[in-house]
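S.K.: Structure below; questions to follow.
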Amino acid sequence: MEKKLQSLVHSAKNEIEKVMTMNQLLDVKAKYLGKKSEFNSFMQGLKDLSSEERPLVGKLINEAKQQISQFLDDKKVEIERKKIDQLLKAQTIDISLPGRAFNLGHKHVLAKTVEEIEDIFVGLGYVVKEGPEVESDKYNFEMLNLPKDHPAREMQDSFYITEELLLRTHTSPVQVRSLLENVDKEPLKIICPGVVYRKDDDDQTHSHQFMQVEALVVDKTTTLADLKGTLLLLARKLFGENRQIRLRPSYFPFTEPSVEVDVSCFKCNGDGCSMCKNTGWIEILGAGMVNNNVLSAAGFDPEIYQGFALGMGVERIAMLKYGIDDIRLLYQNDLRFNSQF
Ligand SMILES: [Zn+2]
């Protein structure tokens with residue numbers, strides 16, 4: 001009898017150890033301690049024993065039963081603790097982990113350059129004007145002294161949408177629009193920053209999309225000397241107080257006379273280096289006195305009104321200022337590049 005009980009306790013212990021879930025545990029409990037269990041039949045058999053044997057055997061049965069109950073209780077605690085551990089693992093926020101770093105963005109180098117140029121002109125009393133990027137042939141060319149079939153249109157190979165609509169090739173149509181809006185012919189001082197498009201093949205120095213800032217002054221007294229003074233101030237604000245400028249005669253349909261503007265090299269101070277191709281000068285923009293035909297087309301009598309215009313490529317200014325050697329870098333959105341500025 002004692003051996004039977006011991007082996008029963010032993011096999012119960014083995015089975016309980018393998019149990020994983022509460023349901024399995026209840027099955028094992030029924031098997032060993034339930035009404036149809038071997039245990040129960042031992043209990044039933046007690047009544048057939050003699051009065052001397054009964055208490056002894058009864059004690060053995062009880063001890064075995066207590067052992068099995070203890071195994072069951074221990075397992076129950078173990079299963080419940082595991083369940084709580086799993087829940088805790090699944091639901092806990094580990095506050096010891098470092099937070100994810102937030103990368104703060106900043107302005108693109110082109111936006112920065114435009115703002116820098118805007119600041120210089122706003123400081124001189126200019127107003128910033130913007131206009132549409134899809135423009136009519138009339139505003140983009142005709143009213144700027146570039147009638148259809150004018151050979152100079154070849155200089156600005158264009159993206160046409162219809163015969164009369166195109167992506168603007170310069171921000172000059174904003175000048176035209178501003179002149180037309182100015183019905184009272186008040187003195188006008190504006191700059192037009194913005195994106196323009198030309199059918200160029202992209203390479204190190206060309207991009208089919210680029211940015212310009214143009215400036216226009218129209219009143220009754222503005223002269224080439226005012227233009228020169230403005231250009232010198234601009235060059236010095238952009239490239240340093242010791243800069244000099246040089247004007248070379250040039251041709252643009254919308255200005256007459258027209259000039260190309262060079263700034264003395266800020267890298268070698270004019271001695272000659274790779275940046276200035278050993279000339280000591282770097283070309284930065286084009287300018288001139290507003291062509292009489294442009295004034296007339298916008299309803300300004302050239303006998304009374306005059307003015308100057310200038311225009312620069314923002315990419316070129318940014319590339320010179322920040323030592324960027326490929327215009328395409330400005331449009332590739334590579335953070336390794338962008339975050340340098
Ligand atoms: Zn140089």
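Letters for chains follow the order of the structure tokens (A, B, ...), residue numbers begin at 1 for each chain, and ligand numbers begin at 1 in the order shown.
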Run DSSP on the backbone of this structure and report the residues of stretch 53-286 of chain A it assigns to strand (DSSP E), as JSON, numbers by chain.
M.R.: {"A": [127, 128, 134, 135, 136, 165, 166, 167, 188, 189, 190, 191, 192, 193, 194, 195, 196, 197, 209, 210, 211, 212, 213, 214, 215, 216, 217, 218, 219, 245, 246, 247, 248, 249, 250, 251, 252, 255, 256, 257, 258, 259, 260, 261, 262, 263, 264, 281, 282, 283, 284, 285, 286]}
S.K.: Taking 5 positions as the minimum chain separation for residues in the same chain, which residues sit within 12 Å of A:Lys4 when counting only C-alpha atoms? Answer as a VMD selection string.
M.R.: chain A and resid 9 to 11 38 to 39 42 57 60 to 61 64
S.K.: Compare A:Val217, A:Val314, A:Phe300, A:Phe239 by their minimum atom-to-atom distance to A:Gly194, counting only C-alpha atoms, and give me the closest one.
M.R.: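 Of all the options, A:Val314 lies closest to A:Gly194.
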S.K.: Using only C-alpha atoms and all ligand atoms, find each residue with an atom at most 12 Å away from ligand 1 and format the answer as an MDAnalysis selection string.
M.R.: chainID A and resid 243 262:283 320
S.K.: Create the file for the chosen residues now, containing N, CA and C atoms and written as an mmCIF file, in the first residue's frame.
M.R.:
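Listing of part.cif after writing:
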```
data_model
loop_
_atom_site.group_PDB
_atom_site.id
_atom_site.type_symbol
_atom_site.label_atom_id
_atom_site.label_comp_id
_atom_site.auth_asym_id
_atom_site.auth_seq_id
_atom_site.Cartn_x
_atom_site.Cartn_y
_atom_site.Cartn_z
ATOM 1 N N ARG A 243 35.305 94.097 -51.699
ATOM 2 C CA ARG A 243 35.098 93.743 -53.114
ATOM 3 C C ARG A 243 35.022 94.981 -54.005
ATOM 4 N N ASP A 262 31.141 91.831 -63.007
ATOM 5 C CA ASP A 262 32.135 90.963 -62.367
ATOM 6 C C ASP A 262 32.436 91.506 -60.975
ATOM 7 N N VAL A 263 32.737 90.603 -60.063
ATOM 8 C CA VAL A 263 33.172 91.018 -58.726
ATOM 9 C C VAL A 263 34.622 90.566 -58.571
ATOM 10 N N SER A 264 35.428 91.375 -57.892
ATOM 11 C CA SER A 264 36.827 90.976 -57.695
ATOM 12 C C SER A 264 36.862 89.699 -56.853
ATOM 13 N N CYS A 265 37.754 88.787 -57.221
ATOM 14 C CA CYS A 265 37.756 87.447 -56.622
ATOM 15 C C CYS A 265 37.971 87.533 -55.105
ATOM 16 N N PHE A 266 37.034 86.926 -54.380
ATOM 17 C CA PHE A 266 37.107 87.002 -52.921
ATOM 18 C C PHE A 266 38.008 85.924 -52.354
ATOM 19 N N LYS A 267 38.511 85.038 -53.239
ATOM 20 C CA LYS A 267 39.384 83.973 -52.746
ATOM 21 C C LYS A 267 40.850 84.424 -52.815
ATOM 22 N N CYS A 268 41.206 85.073 -53.923
ATOM 23 C CA CYS A 268 42.606 85.474 -54.103
ATOM 24 C C CYS A 268 42.763 86.992 -54.038
ATOM 25 N N ASN A 269 41.679 87.719 -53.790
ATOM 26 C CA ASN A 269 41.707 89.181 -53.758
ATOM 27 C C ASN A 269 42.201 89.773 -55.067
ATOM 28 N N GLY A 270 41.965 89.077 -56.168
ATOM 29 C CA GLY A 270 42.313 89.645 -57.468
ATOM 30 C C GLY A 270 43.671 89.208 -58.003
ATOM 31 N N ASP A 271 44.431 88.427 -57.201
ATOM 32 C CA ASP A 271 45.751 87.996 -57.665
ATOM 33 C C ASP A 271 45.662 86.920 -58.741
ATOM 34 N N GLY A 272 44.553 86.191 -58.759
ATOM 35 C CA GLY A 272 44.411 85.103 -59.725
ATOM 36 C C GLY A 272 44.463 83.761 -59.038
ATOM 37 N N CYS A 273 43.410 82.955 -59.243
ATOM 38 C CA CYS A 273 43.376 81.623 -58.646
ATOM 39 C C CYS A 273 42.457 80.757 -59.503
ATOM 40 N N SER A 274 42.234 79.514 -59.079
ATOM 41 C CA SER A 274 41.425 78.617 -59.903
ATOM 42 C C SER A 274 39.968 79.085 -59.940
ATOM 43 N N MET A 275 39.506 79.685 -58.846
ATOM 44 C CA MET A 275 38.114 80.104 -58.782
ATOM 45 C C MET A 275 37.809 81.188 -59.826
ATOM 46 N N CYS A 276 38.746 82.112 -59.995
ATOM 47 C CA CYS A 276 38.535 83.219 -60.957
ATOM 48 C C CYS A 276 39.236 82.926 -62.279
ATOM 49 N N LYS A 277 39.682 81.698 -62.475
ATOM 50 C CA LYS A 277 40.405 81.292 -63.691
ATOM 51 C C LYS A 277 41.570 82.245 -63.960
ATOM 52 N N ASN A 278 42.256 82.623 -62.887
ATOM 53 C CA ASN A 278 43.441 83.488 -62.966
ATOM 54 C C ASN A 278 43.192 84.867 -63.546
ATOM 55 N N THR A 279 41.922 85.307 -63.553
ATOM 56 C CA THR A 279 41.639 86.643 -64.071
ATOM 57 C C THR A 279 41.497 87.651 -62.938
ATOM 58 N N GLY A 280 41.262 87.160 -61.723
ATOM 59 C CA GLY A 280 41.020 88.063 -60.604
ATOM 60 C C GLY A 280 39.577 88.525 -60.518
ATOM 61 N N TRP A 281 38.735 88.160 -61.511
ATOM 62 C CA TRP A 281 37.339 88.599 -61.549
ATOM 63 C C TRP A 281 36.394 87.411 -61.713
ATOM 64 N N ILE A 282 35.237 87.504 -61.089
ATOM 65 C CA ILE A 282 34.220 86.454 -61.217
ATOM 66 C C ILE A 282 32.916 87.090 -61.691
ATOM 67 N N GLU A 283 32.369 86.543 -62.784
ATOM 68 C CA GLU A 283 31.107 87.082 -63.306
ATOM 69 C C GLU A 283 29.966 86.679 -62.376
ATOM 70 N N LEU A 320 29.158 80.069 -55.388
ATOM 71 C CA LEU A 320 30.352 80.885 -55.148
ATOM 72 C C LEU A 320 30.560 81.105 -53.647
#
```
S.K.: Any idea what's packed within 12 Å of A:Lys129, counting only C-alpha atoms, ignoring anything in its chain fewer than 5 positions away? Could you give it as a VMD selection string?
M.R.: chain A and resid 118 121 to 122 171 to 179 181 188 to 194 213 to 216
S.K.: What does the distance between atom CA of A:Glu303 and atom CA of A:Thr222 come to in Å, to one decimal place?
M.R.: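 Distance between the two atoms: 12.9 Å.
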S.K.: Near stretch 16-30 of chain A, counting only C-alpha atoms, which residues have an atom at most 9 Å away, once you skip same-chain residues fewer than 5 positions from it, shown as a PyMOL selection string?
M.R.: chain A and resi 11+35-37+68-69+71-72+75-76+79-80
S.K.: Taking only C-alpha atoms into account, which of A:Glu115, A:Arg328, A:Ser51, A:Asn338 comes nearest A:Asp202?
M.R.: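 Ranked by minimum distance to A:Asp202, first place goes to A:Arg328.
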S.K.: What is the atom CA of A:Lys82-atom CA of A:Ala12 distance in Å, reported with one decimal?
M.R.: 21.4 Å
S.K.: For stretch 193-279 of chain A versus stretch 286-296 of chain A, which residues have an atom no more than 7 Å away, and what is each residue's nearest atom pair and distance in Å rounded to one decimal, using only C-alpha atoms, chain-then-number order, as CSV?
M.R.:
```
residue,atom,partner,partner_atom,distance
A:Leu224,CA,A:Met289,CA,6.7
A:Phe254,CA,A:Asn291,CA,5.2
A:Thr255,CA,A:Asn291,CA,4.3
A:Glu256,CA,A:Asn291,CA,5.1
A:Pro257,CA,A:Gly288,CA,5.6
A:Ser258,CA,A:Gly288,CA,4.1
A:Val259,CA,A:Ala287,CA,5.3
A:Glu260,CA,A:Gly286,CA,4.6
A:Val261,CA,A:Gly286,CA,5.9
```
S.K.: Here is a test: counting only C-alpha atoms, which residue of A:Pro249, A:Gly313, A:Gly229, A:Pro132 is nearest to A:Phe210?
M.R.: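 Comparing A:Pro249, A:Gly313, A:Gly229, A:Pro132 against A:Phe210, the winner is A:Gly313.
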S.K.: Give me every alpha helix (DSSP H) residue in stretch 161-231 of chain A, going by DSSP on the backbone, as a list in words.
M.R.: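 Filtering stretch 161-231 of chain A to alpha helix (DSSP H) leaves Ser172, Pro173, Val174, Gln175, Val176, Arg177, Ser178, Leu179, Leu180, Glu181, Leu224, Ala225, Asp226, Leu227, Lys228, Gly229, Thr230 and Leu231 of chain A.
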S.K.: Atoms to include: C-alpha atoms. Write the selected residues as an mmCIF file, in the first residue's frame.
M.R.:
```cif
data_model
loop_
_atom_site.group_PDB
_atom_site.id
_atom_site.type_symbol
_atom_site.label_atom_id
_atom_site.label_comp_id
_atom_site.auth_asym_id
_atom_site.auth_seq_id
_atom_site.Cartn_x
_atom_site.Cartn_y
_atom_site.Cartn_z
ATOM 1 C CA SER A 172 11.221 89.265 -65.715
ATOM 2 C CA PRO A 173 7.480 88.774 -66.410
ATOM 3 C CA VAL A 174 6.962 89.756 -62.764
ATOM 4 C CA GLN A 175 8.591 93.069 -63.685
ATOM 5 C CA VAL A 176 6.132 93.465 -66.573
ATOM 6 C CA ARG A 177 3.186 92.653 -64.312
ATOM 7 C CA SER A 178 4.406 95.127 -61.676
ATOM 8 C CA LEU A 179 4.772 97.895 -64.278
ATOM 9 C CA LEU A 180 1.256 97.226 -65.603
ATOM 10 C CA GLU A 181 -0.220 97.196 -62.079
ATOM 11 C CA LEU A 224 23.450 104.086 -64.715
ATOM 12 C CA ALA A 225 25.390 105.572 -61.787
ATOM 13 C CA ASP A 226 22.589 104.452 -59.436
ATOM 14 C CA LEU A 227 22.804 100.978 -60.939
ATOM 15 C CA LYS A 228 26.548 100.894 -60.418
ATOM 16 C CA GLY A 229 26.240 102.018 -56.806
ATOM 17 C CA THR A 230 23.577 99.376 -56.157
ATOM 18 C CA LEU A 231 25.732 96.669 -57.751
#
```
